[in-house]
Amino acid sequence: MKHIISPLDLSVSELEEVLCLAEEIIKEPKKYSDVCHGKKLATLFYEPSTRTRLSFEAAMLNLGGSVLGFSSADSSSAAKGESVADTIRVISSYADICAMRHPKEGAPMVASKYSRIPVINAGDGGHNHPTQTLTDLLTIKNLKGHLNNLTIGLCGDLKFGRTVHSLINALVRYENVTFIMISPDELKIPAYLREEVLEANHIKFKEVRVLEEVLPDLDLLYMTRVQKERFFNEEDYIRLKDSFILDAKKMELAKKDMLVLHPLPRVNEISTDVDDDPRAVYFKQAEFGVYVRMALIMKLLEVA
Amino acid sequence: MKHIISPLDLSVSELEEVLCLAEEIIKEPKKYSDVCHGKKLATLFYEPSTRTRLSFEAAMLNLGGSVLGFSSADSSSAAKGESVADTIRVISSYADICAMRHPKEGAPMVASKYSRIPVINAGDGGHNHPTQTLTDLLTIKNLKGHLNNLTIGLCGDLKFGRTVHSLINALVRYENVTFIMISPDELKIPAYLREEVLEANHIKFKEVRVLEEVLPDLDLLYMTRVQKERFFNEEDYIRLKDSFILDAKKMELAKKDMLVLHPLPRVNEISTDVDDDPRAVYFKQAEFGVYVRMALIMKLLEVA
Amino acid sequence: MKHIISPLDLSVSELEEVLCLAEEIIKEPKKYSDVCHGKKLATLFYEPSTRTRLSFEAAMLNLGGSVLGFSSADSSSAAKGESVADTIRVISSYADICAMRHPKEGAPMVASKYSRIPVINAGDGGHNHPTQTLTDLLTIKNLKGHLNNLTIGLCGDLKFGRTVHSLINALVRYENVTFIMISPDELKIPAYLREEVLEANHIKFKEVRVLEEVLPDLDLLYMTRVQKERFFNEEDYIRLKDSFILDAKKMELAKKDMLVLHPLPRVNEISTDVDDDPRAVYFKQAEFGVYVRMALIMKLLEVA
């Protein structure tokens, strides 16, 4: 039995299998509408996240399965002092697979050690969020045709944004990938990523402060939200949140086939005047999120 | 694709189709138990409303479809600052149809402009609640046999009660309808309804302060709750909430076939000694609410 | 139509039927995977309880039915002042059977009087929790082979713990059952249980303060959580909560086939070093909880 706690829990070839299955599903969704009949997904969300939760639920329902769970810690046994280990042992009797979001880093990992069913980490604190990474990879692969030979811009909060960290970790496994990091100094990628992942693997990258100057070079631009909850004080948040906003005017500088991705929710880091640009694929990305979760659930339940 | 934001979004003939389909469903519910197999309803409740939410869920489940969603804004992405426009664009990838309740007037209308799936307004602030109106109309049509030639009493909070406003707007489209408004002066219907809807359409109506004096004339009596949350101060609420209570003694004054409706929840505006009176149809009305939502979902998903 | 409000609402022979059906389901779960197709369970949880709620939901989904409901009172009409009687009359139009948890003793009983669908009490205050008792009985019957001739240790909070009270009430109906109550003086079983149930029925029992001295005699040990919310002050809670903790060392004193049960969630009254002991069956017990609820739902819906 396999769990998905980190995006790196899948080898490049396993990942390839998941992405290929997702692309099969995109082509012929009806073919898979009953493959999880009689199977149950438990969504254990100790921290609210509508989008991620509903994406998992849509995925399981699309496969003909059903869903049970909770959407915040208040309504869970955690409030009575139960450990994650005990909860997952009980949930193992209620469901066939589970998606867990938890404010504490490592909680899904602990759960996986005691679980009798596959555990998917649906986000643990500022740590991992592997299905977001799978979503990003599927979006790129499906719309670009491949994951190699890309110049990738990462813009916004690169210090706290776990989706960016996971995406870097996943993409360094492909050939000839170049990263351009665009952020204020305060929100640059953490040192361990720069040293242990990028430099250690001889990955080409540069760090800049101005979006416009690098836009023409990018094959894709990954925008991120400046999350208020990651800041230590209100003042820093207000000063930095509007930096690095993408708008229609800046889009004129970009390649005709540059893709704009965003993990969503978007606040104002992408102006709404970009939404109708065919290069803006962030809403399509949310759709891919359902397909990739369908593929992952099928793989973990061994119905594919 | 059609959305239902206001009760008037359906023409009289479209409405007739929905009500007729609902009556077909009442006669033979099993026939429709699988027509939405594989379809998903998203219930987006930014404001809690158990009854309305569960009625929608029961409707979709009765049709063989499935349901996902949230039951309060805390557990939604709204808390992270996402716009309704962005949310509905994402939800469009997760579900085939959606029911949205929102505290802000107009939110479901905004959503419908960006949605790729039909949006049903499940109540927006003090504004519209079209499926309640459809429920009321089905109840009257089914139990009276028609929607014309009726003398209709409306009692309670006629100022803030959106169900009453919607019902008036819907019923003025039928022939020979007379309204009798029963309320304290402070809670009379708003001027725009009186002038632009009733007077402009030459609808017969009168406004009275005493329930007993008009009871013998009514074909149906629509009771409403005096909602605490609509008042500006506690004192006014306490003074007015017990006015215009219906009880078994007053029911003796009414016609033998007068119907008593209430959108529910009821607090004390209808005494429980009325509950066993066969003219009290407010619980049956809740049942009709499921059937009419089944019909509406079928029409919007074009499976009927 | 039958409701289950108290564990004693089932006669010994009805109970036997439910337990036997549950054992059939354990043997051949697939056989029952569609028997409730088209049926809906409403989970009305006025007080959060993830485990119980999810156990009911898993049970209904395992039978091919579907689920709707709410998981806390905030999102229910109760907040608008609706009575339980009104709520259940409406829910009767939305679902085929309901499980209700309520902080007020007697609420599910009131609901059952007005309901048109079977009501299962899923816990009402410190009062009854019949499906927990059914779970306990199934666990004992399945693992011991019978419910007679057992020496049963009950340890922990015997004063406020409703699962213990219900279990005593249920087990006194079997032959030659002996109870050994292990608790601090402050948390002994209530006088009415001692006098009206145990003494009145000439049941053998003793009350002790030390777990070790009686462990060798027990056929099963039922551990309970010392619930913080039952205490009047923090000081008493802290002083008493760690009394009567079961650990691997104490387990050495017990019979080789003694079973350890616990209604869960467990905080620290059972040390985790007991978890891998084959005699520790509390997680298996949670699994039995799903099977017995499947059987009960089938009986009440008369699909068995």
# chains A, B, ... in the order shown; residues from 1 in each chain; ligands from 1
$ closest_atom_pairs --of "chain A" --to "chain C" --cutoff "12 Å" --atoms "only C-alpha atoms" --output "Markdown table"
| residue | atom | partner | partner_atom | distance |
| --- | --- | --- | --- | --- |
| A:His37 | CA | C:Gly64 | CA | 9.6 |
| A:Gly38 | CA | C:Asn62 | CA | 7.0 |
| A:Lys39 | CA | C:Asn62 | CA | 8.6 |
| A:Lys40 | CA | C:Leu61 | CA | 8.0 |
| A:Leu41 | CA | C:Ala58 | CA | 10.0 |
| A:Ala42 | CA | C:Leu54 | CA | 9.1 |
| A:Thr43 | CA | C:Leu54 | CA | 10.8 |
| A:Leu44 | CA | C:Thr50 | CA | 10.1 |
| A:Phe45 | CA | C:Thr50 | CA | 11.7 |
| A:Tyr46 | CA | C:Thr50 | CA | 11.7 |
| A:Gly64 | CA | C:Gly64 | CA | 11.6 |
| A:Gly65 | CA | C:Leu61 | CA | 9.6 |
| A:Ser66 | CA | C:Leu61 | CA | 7.3 |
| A:Val67 | CA | C:Leu61 | CA | 8.7 |
| A:Leu68 | CA | C:Leu54 | CA | 6.7 |
| A:Gly69 | CA | C:Leu54 | CA | 6.7 |
| A:Phe70 | CA | C:Thr50 | CA | 7.4 |
| A:Ser71 | CA | C:Ser71 | CA | 9.8 |
| A:Ser72 | CA | C:Ser71 | CA | 10.5 |
| A:Ala73 | CA | C:Thr50 | CA | 9.7 |
| A:Asp74 | CA | C:Pro48 | CA | 7.8 |
| A:Ser75 | CA | C:Pro48 | CA | 5.1 |
| A:Ser76 | CA | C:Thr50 | CA | 4.9 |
| A:Ser77 | CA | C:Thr50 | CA | 5.8 |
| A:Ala78 | CA | C:Pro265 | CA | 8.9 |
| A:Ala79 | CA | C:Pro48 | CA | 9.6 |
| A:Lys80 | CA | C:Pro265 | CA | 7.3 |
| A:Gly81 | CA | C:Val267 | CA | 6.0 |
| A:Glu82 | CA | C:Pro265 | CA | 5.7 |
| A:Ser83 | CA | C:Val267 | CA | 7.7 |
| A:Val84 | CA | C:Pro265 | CA | 10.8 |
| A:Ala85 | CA | C:Thr272 | CA | 10.1 |
| A:Asp86 | CA | C:Pro265 | CA | 7.7 |
| A:Thr87 | CA | C:Pro265 | CA | 8.1 |
| A:Ile88 | CA | C:Phe283 | CA | 10.1 |
| A:Arg89 | CA | C:Phe283 | CA | 6.7 |
| A:Val90 | CA | C:Ala286 | CA | 6.1 |
| A:Ile91 | CA | C:Arg51 | CA | 8.3 |
| A:Ser92 | CA | C:Glu287 | CA | 8.5 |
| A:Ser93 | CA | C:Glu287 | CA | 5.1 |
| A:Tyr94 | CA | C:Ala58 | CA | 5.4 |
| A:Ala95 | CA | C:Ala58 | CA | 7.1 |
| A:Asp96 | CA | C:Ala58 | CA | 10.4 |
| A:Tyr114 | CA | C:Asp275 | CA | 11.0 |
| A:Ser115 | CA | C:Phe283 | CA | 11.6 |
| A:Arg116 | CA | C:Phe283 | CA | 11.5 |
$ select_by_dssp --residues "region 59-269 of chain C" --states "helix (DSSP H, G or I)" --output "VMD selection string"
chain C and resid 59 to 62 73 to 75 77 to 80 84 to 91 107 to 114 130 to 144 162 to 171 185 to 187 191 to 199 211 to 217 228 to 230 234 to 241 248 to 251
$ residues_around --residues "Ile189 (chain C)" --least-positions-apart "4" --cutoff "9 Å" --atoms "only C-alpha atoms" --output "PDB file with N, CA and C atoms, in the first residue's frame"
ATOM      1  N   ASP C 157     -14.413   6.498  34.540  1.00  0.00           N
ATOM      2  CA  ASP C 157     -15.490   7.380  34.972  1.00  0.00           C
ATOM      3  C   ASP C 157     -16.811   6.634  34.866  1.00  0.00           C
ATOM      4  N   LEU C 158     -17.218   6.034  35.992  1.00  0.00           N
ATOM      5  CA  LEU C 158     -18.439   5.227  35.977  1.00  0.00           C
ATOM      6  C   LEU C 158     -19.643   6.061  36.394  1.00  0.00           C
ATOM      7  N   LYS C 159     -19.379   7.294  36.841  1.00  0.00           N
ATOM      8  CA  LYS C 159     -20.468   8.156  37.297  1.00  0.00           C
ATOM      9  C   LYS C 159     -21.134   8.860  36.118  1.00  0.00           C
ATOM     10  N   PHE C 160     -20.300   9.457  35.261  1.00  0.00           N
ATOM     11  CA  PHE C 160     -20.857  10.259  34.166  1.00  0.00           C
ATOM     12  C   PHE C 160     -20.877   9.508  32.834  1.00  0.00           C
ATOM     13  N   GLY C 161     -20.124   8.404  32.767  1.00  0.00           N
ATOM     14  CA  GLY C 161     -19.965   7.717  31.484  1.00  0.00           C
ATOM     15  C   GLY C 161     -21.217   6.980  31.031  1.00  0.00           C
ATOM     16  N   VAL C 164     -21.033   3.274  29.808  1.00  0.00           N
ATOM     17  CA  VAL C 164     -20.979   2.258  30.857  1.00  0.00           C
ATOM     18  C   VAL C 164     -22.377   1.961  31.393  1.00  0.00           C
ATOM     19  N   HIS C 165     -23.144   3.010  31.630  1.00  0.00           N
ATOM     20  CA  HIS C 165     -24.496   2.808  32.165  1.00  0.00           C
ATOM     21  C   HIS C 165     -25.341   1.984  31.190  1.00  0.00           C
ATOM     22  N   MET C 181     -16.543  -3.077  39.188  1.00  0.00           N
ATOM     23  CA  MET C 181     -16.454  -1.648  38.918  1.00  0.00           C
ATOM     24  C   MET C 181     -15.149  -1.124  39.493  1.00  0.00           C
ATOM     25  N   SER C 183     -13.064   2.291  39.970  1.00  0.00           N
ATOM     26  CA  SER C 183     -13.100   3.748  39.829  1.00  0.00           C
ATOM     27  C   SER C 183     -12.720   4.414  41.133  1.00  0.00           C
ATOM     28  N   LEU C 193     -28.438   3.034  39.497  1.00  0.00           N
ATOM     29  CA  LEU C 193     -27.958   1.863  38.769  1.00  0.00           C
ATOM     30  C   LEU C 193     -27.667   0.727  39.748  1.00  0.00           C
ATOM     31  N   ARG C 194     -26.997   1.088  40.836  1.00  0.00           N
ATOM     32  CA  ARG C 194     -26.647   0.075  41.834  1.00  0.00           C
ATOM     33  C   ARG C 194     -27.903  -0.567  42.418  1.00  0.00           C
TER      34      ARG C 194
END
$ closest_residue --among "C:Glu212, C:Glu195, C:Glu235, C:Asp219" --to "Gly153 (chain C)" --atoms "only C-alpha atoms"
C:Asp219
$ closest_residue --among "A:Leu198, A:Cys155, A:Pro278, A:Asn176" --to "His262 (chain A)" --atoms "only C-alpha atoms"
A:Cys155
$ residues_around --residues "Asp217 (chain C)" --least-positions-apart "3" --cutoff "12 Å" --atoms "only C-alpha atoms" --output "list in words"
Leu150, Thr151, Ile152, Gly153, Thr178, Phe179, Ile180, Leu211, Glu212, Glu213, Val214, Leu220, Leu221, Leu253, Ala254, Lys255, Lys256, Asp257, Met258 and Leu259 of chain C
$ write_last_selection --atoms "N, CA and C atoms" --output "tab-separated table (two decimals), in the first residue's frame"
chain	number	residue	atom	x	y	z
C	150	LEU	N	-19.94	-14.06	31.82
C	150	LEU	CA	-18.74	-13.22	31.69
C	150	LEU	C	-18.49	-12.41	32.96
C	151	THR	N	-17.22	-12.26	33.30
C	151	THR	CA	-16.84	-11.34	34.37
C	151	THR	C	-16.26	-10.09	33.72
C	152	ILE	N	-16.98	-8.99	33.92
C	152	ILE	CA	-16.73	-7.78	33.15
C	152	ILE	C	-16.21	-6.66	34.04
C	153	GLY	N	-15.02	-6.17	33.74
C	153	GLY	CA	-14.49	-5.03	34.48
C	153	GLY	C	-14.87	-3.73	33.77
C	178	THR	N	-21.13	-11.05	35.77
C	178	THR	CA	-20.60	-10.43	36.99
C	178	THR	C	-19.87	-9.14	36.62
C	179	PHE	N	-20.18	-8.05	37.34
C	179	PHE	CA	-19.50	-6.78	37.07
C	179	PHE	C	-18.49	-6.46	38.15
C	180	ILE	N	-17.34	-5.98	37.73
C	180	ILE	CA	-16.39	-5.43	38.69
C	180	ILE	C	-16.12	-3.98	38.30
C	211	LEU	N	-7.06	-1.24	40.01
C	211	LEU	CA	-7.22	-2.06	38.81
C	211	LEU	C	-6.46	-3.38	38.90
C	212	GLU	N	-5.21	-3.33	39.39
C	212	GLU	CA	-4.36	-4.52	39.41
C	212	GLU	C	-4.97	-5.71	40.15
C	213	GLU	N	-5.61	-5.43	41.26
C	213	GLU	CA	-6.05	-6.55	42.10
C	213	GLU	C	-7.17	-7.39	41.46
C	214	VAL	N	-7.90	-6.78	40.53
C	214	VAL	CA	-9.00	-7.54	39.92
C	214	VAL	C	-8.71	-8.00	38.49
C	220	LEU	N	-13.33	-9.56	30.36
C	220	LEU	CA	-13.11	-8.37	29.53
C	220	LEU	C	-13.06	-7.14	30.41
C	221	LEU	N	-12.31	-6.17	29.93
C	221	LEU	CA	-12.12	-4.91	30.65
C	221	LEU	C	-12.58	-3.78	29.75
C	253	LEU	N	-0.89	-9.04	34.02
C	253	LEU	CA	-1.69	-9.67	35.07
C	253	LEU	C	-2.97	-10.30	34.55
C	254	ALA	N	-3.34	-9.93	33.33
C	254	ALA	CA	-4.65	-10.32	32.81
C	254	ALA	C	-4.62	-11.69	32.15
C	255	LYS	N	-5.81	-12.28	32.02
C	255	LYS	CA	-5.95	-13.55	31.32
C	255	LYS	C	-5.45	-13.42	29.89
C	256	LYS	N	-5.06	-14.55	29.32
C	256	LYS	CA	-4.54	-14.55	27.95
C	256	LYS	C	-5.62	-14.19	26.92
C	257	ASP	N	-6.88	-14.39	27.31
C	257	ASP	CA	-7.96	-14.10	26.36
C	257	ASP	C	-8.87	-12.97	26.86
C	258	MET	N	-8.38	-12.19	27.82
C	258	MET	CA	-9.17	-11.04	28.25
C	258	MET	C	-9.21	-10.01	27.12
C	259	LEU	N	-10.39	-9.46	26.87
C	259	LEU	CA	-10.50	-8.41	25.84
C	259	LEU	C	-10.46	-7.03	26.50
$ residues_around --residues "Leu21 (chain A)" --least-positions-apart "4" --cutoff "12 Å" --atoms "only C-alpha atoms" --output "ChimeraX atom specification"
/A:14-17,25-29,31-32,138,142,291-299,303-304
$ write_last_selection --atoms "N, CA, C and O atoms" --output "mmCIF file, in the first residue's frame"
data_model
loop_
_atom_site.group_PDB
_atom_site.id
_atom_site.type_symbol
_atom_site.label_atom_id
_atom_site.label_comp_id
_atom_site.auth_asym_id
_atom_site.auth_seq_id
_atom_site.Cartn_x
_atom_site.Cartn_y
_atom_site.Cartn_z
ATOM 1 N N GLU A 14 6.575 6.736 -11.888
ATOM 2 C CA GLU A 14 5.239 6.622 -11.286
ATOM 3 C C GLU A 14 4.421 7.884 -11.569
ATOM 4 O O GLU A 14 3.222 7.828 -11.856
ATOM 5 N N LEU A 15 5.086 9.009 -11.459
ATOM 6 C CA LEU A 15 4.452 10.282 -11.747
ATOM 7 C C LEU A 15 3.951 10.307 -13.183
ATOM 8 O O LEU A 15 2.827 10.726 -13.471
ATOM 9 N N GLU A 16 4.807 9.846 -14.081
ATOM 10 C CA GLU A 16 4.443 9.761 -15.491
ATOM 11 C C GLU A 16 3.171 8.925 -15.682
ATOM 12 O O GLU A 16 2.275 9.296 -16.434
ATOM 13 N N GLU A 17 3.096 7.831 -14.931
ATOM 14 C CA GLU A 17 1.898 6.982 -15.012
ATOM 15 C C GLU A 17 0.642 7.732 -14.565
ATOM 16 O O GLU A 17 -0.411 7.626 -15.192
ATOM 17 N N ILE A 25 -8.126 10.162 -18.736
ATOM 18 C CA ILE A 25 -9.415 10.529 -18.129
ATOM 19 C C ILE A 25 -9.975 11.787 -18.800
ATOM 20 O O ILE A 25 -11.170 11.880 -19.081
ATOM 21 N N ILE A 26 -9.096 12.767 -19.061
ATOM 22 C CA ILE A 26 -9.535 14.000 -19.727
ATOM 23 C C ILE A 26 -10.188 13.678 -21.073
ATOM 24 O O ILE A 26 -11.220 14.244 -21.428
ATOM 25 N N LYS A 27 -9.589 12.725 -21.784
ATOM 26 C CA LYS A 27 -10.107 12.381 -23.108
ATOM 27 C C LYS A 27 -11.440 11.649 -23.036
ATOM 28 O O LYS A 27 -12.318 11.852 -23.850
ATOM 29 N N GLU A 28 -11.577 10.763 -22.050
ATOM 30 C CA GLU A 28 -12.763 9.918 -21.992
ATOM 31 C C GLU A 28 -13.258 9.774 -20.554
ATOM 32 O O GLU A 28 -13.238 8.667 -19.996
ATOM 33 N N PRO A 29 -13.740 10.844 -19.952
ATOM 34 C CA PRO A 29 -14.122 10.780 -18.535
ATOM 35 C C PRO A 29 -15.198 9.738 -18.238
ATOM 36 O O PRO A 29 -15.180 9.101 -17.187
ATOM 37 N N LYS A 31 -15.620 6.850 -19.279
ATOM 38 C CA LYS A 31 -15.065 5.501 -19.152
ATOM 39 C C LYS A 31 -14.721 5.165 -17.689
ATOM 40 O O LYS A 31 -14.645 4.005 -17.310
ATOM 41 N N TYR A 32 -14.476 6.206 -16.895
ATOM 42 C CA TYR A 32 -14.010 5.994 -15.517
ATOM 43 C C TYR A 32 -15.096 6.291 -14.481
ATOM 44 O O TYR A 32 -14.833 6.316 -13.291
ATOM 45 N N LEU A 138 0.514 18.387 -14.305
ATOM 46 C CA LEU A 138 -0.426 17.968 -15.351
ATOM 47 C C LEU A 138 -0.772 19.146 -16.258
ATOM 48 O O LEU A 138 -0.836 18.998 -17.483
ATOM 49 N N ASN A 142 0.134 18.901 -20.049
ATOM 50 C CA ASN A 142 -0.970 18.829 -21.003
ATOM 51 C C ASN A 142 -0.971 20.008 -21.976
ATOM 52 O O ASN A 142 -1.249 19.853 -23.160
ATOM 53 N N TYR A 291 -8.900 16.083 -12.376
ATOM 54 C CA TYR A 291 -8.467 14.915 -13.168
ATOM 55 C C TYR A 291 -7.262 14.221 -12.550
ATOM 56 O O TYR A 291 -7.175 12.993 -12.519
ATOM 57 N N VAL A 292 -6.318 15.017 -12.053
ATOM 58 C CA VAL A 292 -5.118 14.387 -11.512
ATOM 59 C C VAL A 292 -5.434 13.671 -10.196
ATOM 60 O O VAL A 292 -4.845 12.631 -9.883
ATOM 61 N N ARG A 293 -6.399 14.227 -9.441
ATOM 62 C CA ARG A 293 -6.806 13.540 -8.199
ATOM 63 C C ARG A 293 -7.557 12.252 -8.535
ATOM 64 O O ARG A 293 -7.438 11.251 -7.824
ATOM 65 N N MET A 294 -8.347 12.271 -9.593
ATOM 66 C CA MET A 294 -9.004 11.026 -10.033
ATOM 67 C C MET A 294 -7.950 9.960 -10.346
ATOM 68 O O MET A 294 -8.070 8.806 -9.907
ATOM 69 N N ALA A 295 -6.922 10.370 -11.090
ATOM 70 C CA ALA A 295 -5.866 9.412 -11.465
ATOM 71 C C ALA A 295 -5.146 8.896 -10.224
ATOM 72 O O ALA A 295 -4.885 7.697 -10.086
ATOM 73 N N LEU A 296 -4.851 9.796 -9.296
ATOM 74 C CA LEU A 296 -4.122 9.399 -8.087
ATOM 75 C C LEU A 296 -4.945 8.441 -7.235
ATOM 76 O O LEU A 296 -4.425 7.424 -6.741
ATOM 77 N N ILE A 297 -6.213 8.741 -7.053
ATOM 78 C CA ILE A 297 -7.093 7.863 -6.269
ATOM 79 C C ILE A 297 -7.138 6.475 -6.923
ATOM 80 O O ILE A 297 -7.038 5.453 -6.240
ATOM 81 N N MET A 298 -7.278 6.449 -8.241
ATOM 82 C CA MET A 298 -7.316 5.158 -8.935
ATOM 83 C C MET A 298 -6.028 4.362 -8.725
ATOM 84 O O MET A 298 -6.074 3.156 -8.470
ATOM 85 N N LYS A 299 -4.888 5.050 -8.820
ATOM 86 C CA LYS A 299 -3.599 4.369 -8.625
ATOM 87 C C LYS A 299 -3.497 3.821 -7.203
ATOM 88 O O LYS A 299 -3.094 2.672 -6.989
ATOM 89 N N VAL A 303 -7.226 0.467 -8.783
ATOM 90 C CA VAL A 303 -8.295 0.139 -9.728
ATOM 91 C C VAL A 303 -7.862 0.517 -11.147
ATOM 92 O O VAL A 303 -8.633 0.423 -12.079
ATOM 93 N N ALA A 304 -6.593 0.971 -11.276
ATOM 94 C CA ALA A 304 -6.086 1.316 -12.613
ATOM 95 C C ALA A 304 -4.881 0.428 -12.909
ATOM 96 O O ALA A 304 -4.149 0.057 -12.000
#
$ residues_around --residues "Asn169 (chain C)" --least-positions-apart "4" --cutoff "8 Å" --atoms "only C-alpha atoms" --output "number ranges by chain"
C: 8, 165, 173, 197
$ select_by_dssp --residues "region 99-304 of chain B" --states "strand (DSSP E or B)" --output "JSON, numbers by chain"
{"B": [99, 100, 101, 102, 119, 120, 121, 122, 123, 124, 151, 152, 153, 154, 155, 178, 179, 180, 181, 182, 204, 205, 206, 207, 208, 220, 221, 222, 223, 246, 259, 260, 261, 270, 280]}
$ atom_distance --atom1 "CA of Leu143 (chain A)" --atom2 "CA of His127 (chain A)"
27.3 Å
$ decode --residues "region 2-21 of chain C" --atoms "C-alpha atoms" --output "PDB file, in the first residue's frame"
ATOM      1  CA  LYS C   2     -39.662   1.588  15.232  1.00  0.00           C
ATOM      2  CA  HIS C   3     -37.283   4.117  16.779  1.00  0.00           C
ATOM      3  CA  ILE C   4     -34.155   3.368  18.808  1.00  0.00           C
ATOM      4  CA  ILE C   5     -33.941   5.854  21.632  1.00  0.00           C
ATOM      5  CA  SER C   6     -32.635   3.624  24.435  1.00  0.00           C
ATOM      6  CA  PRO C   7     -30.599   0.418  24.143  1.00  0.00           C
ATOM      7  CA  LEU C   8     -33.538  -1.280  25.862  1.00  0.00           C
ATOM      8  CA  ASP C   9     -35.919  -0.406  23.022  1.00  0.00           C
ATOM      9  CA  LEU C  10     -34.807  -3.690  21.515  1.00  0.00           C
ATOM     10  CA  SER C  11     -35.905  -6.860  23.302  1.00  0.00           C
ATOM     11  CA  VAL C  12     -33.248  -9.508  23.847  1.00  0.00           C
ATOM     12  CA  SER C  13     -34.532 -11.405  20.822  1.00  0.00           C
ATOM     13  CA  GLU C  14     -34.683  -8.302  18.596  1.00  0.00           C
ATOM     14  CA  LEU C  15     -31.177  -7.494  19.726  1.00  0.00           C
ATOM     15  CA  GLU C  16     -30.131 -11.026  18.856  1.00  0.00           C
ATOM     16  CA  GLU C  17     -31.517 -10.488  15.364  1.00  0.00           C
ATOM     17  CA  VAL C  18     -29.540  -7.288  14.904  1.00  0.00           C
ATOM     18  CA  LEU C  19     -26.326  -8.874  16.168  1.00  0.00           C
ATOM     19  CA  CYS C  20     -26.801 -11.935  13.967  1.00  0.00           C
ATOM     20  CA  LEU C  21     -27.448  -9.771  10.917  1.00  0.00           C
TER      21      LEU C  21
END
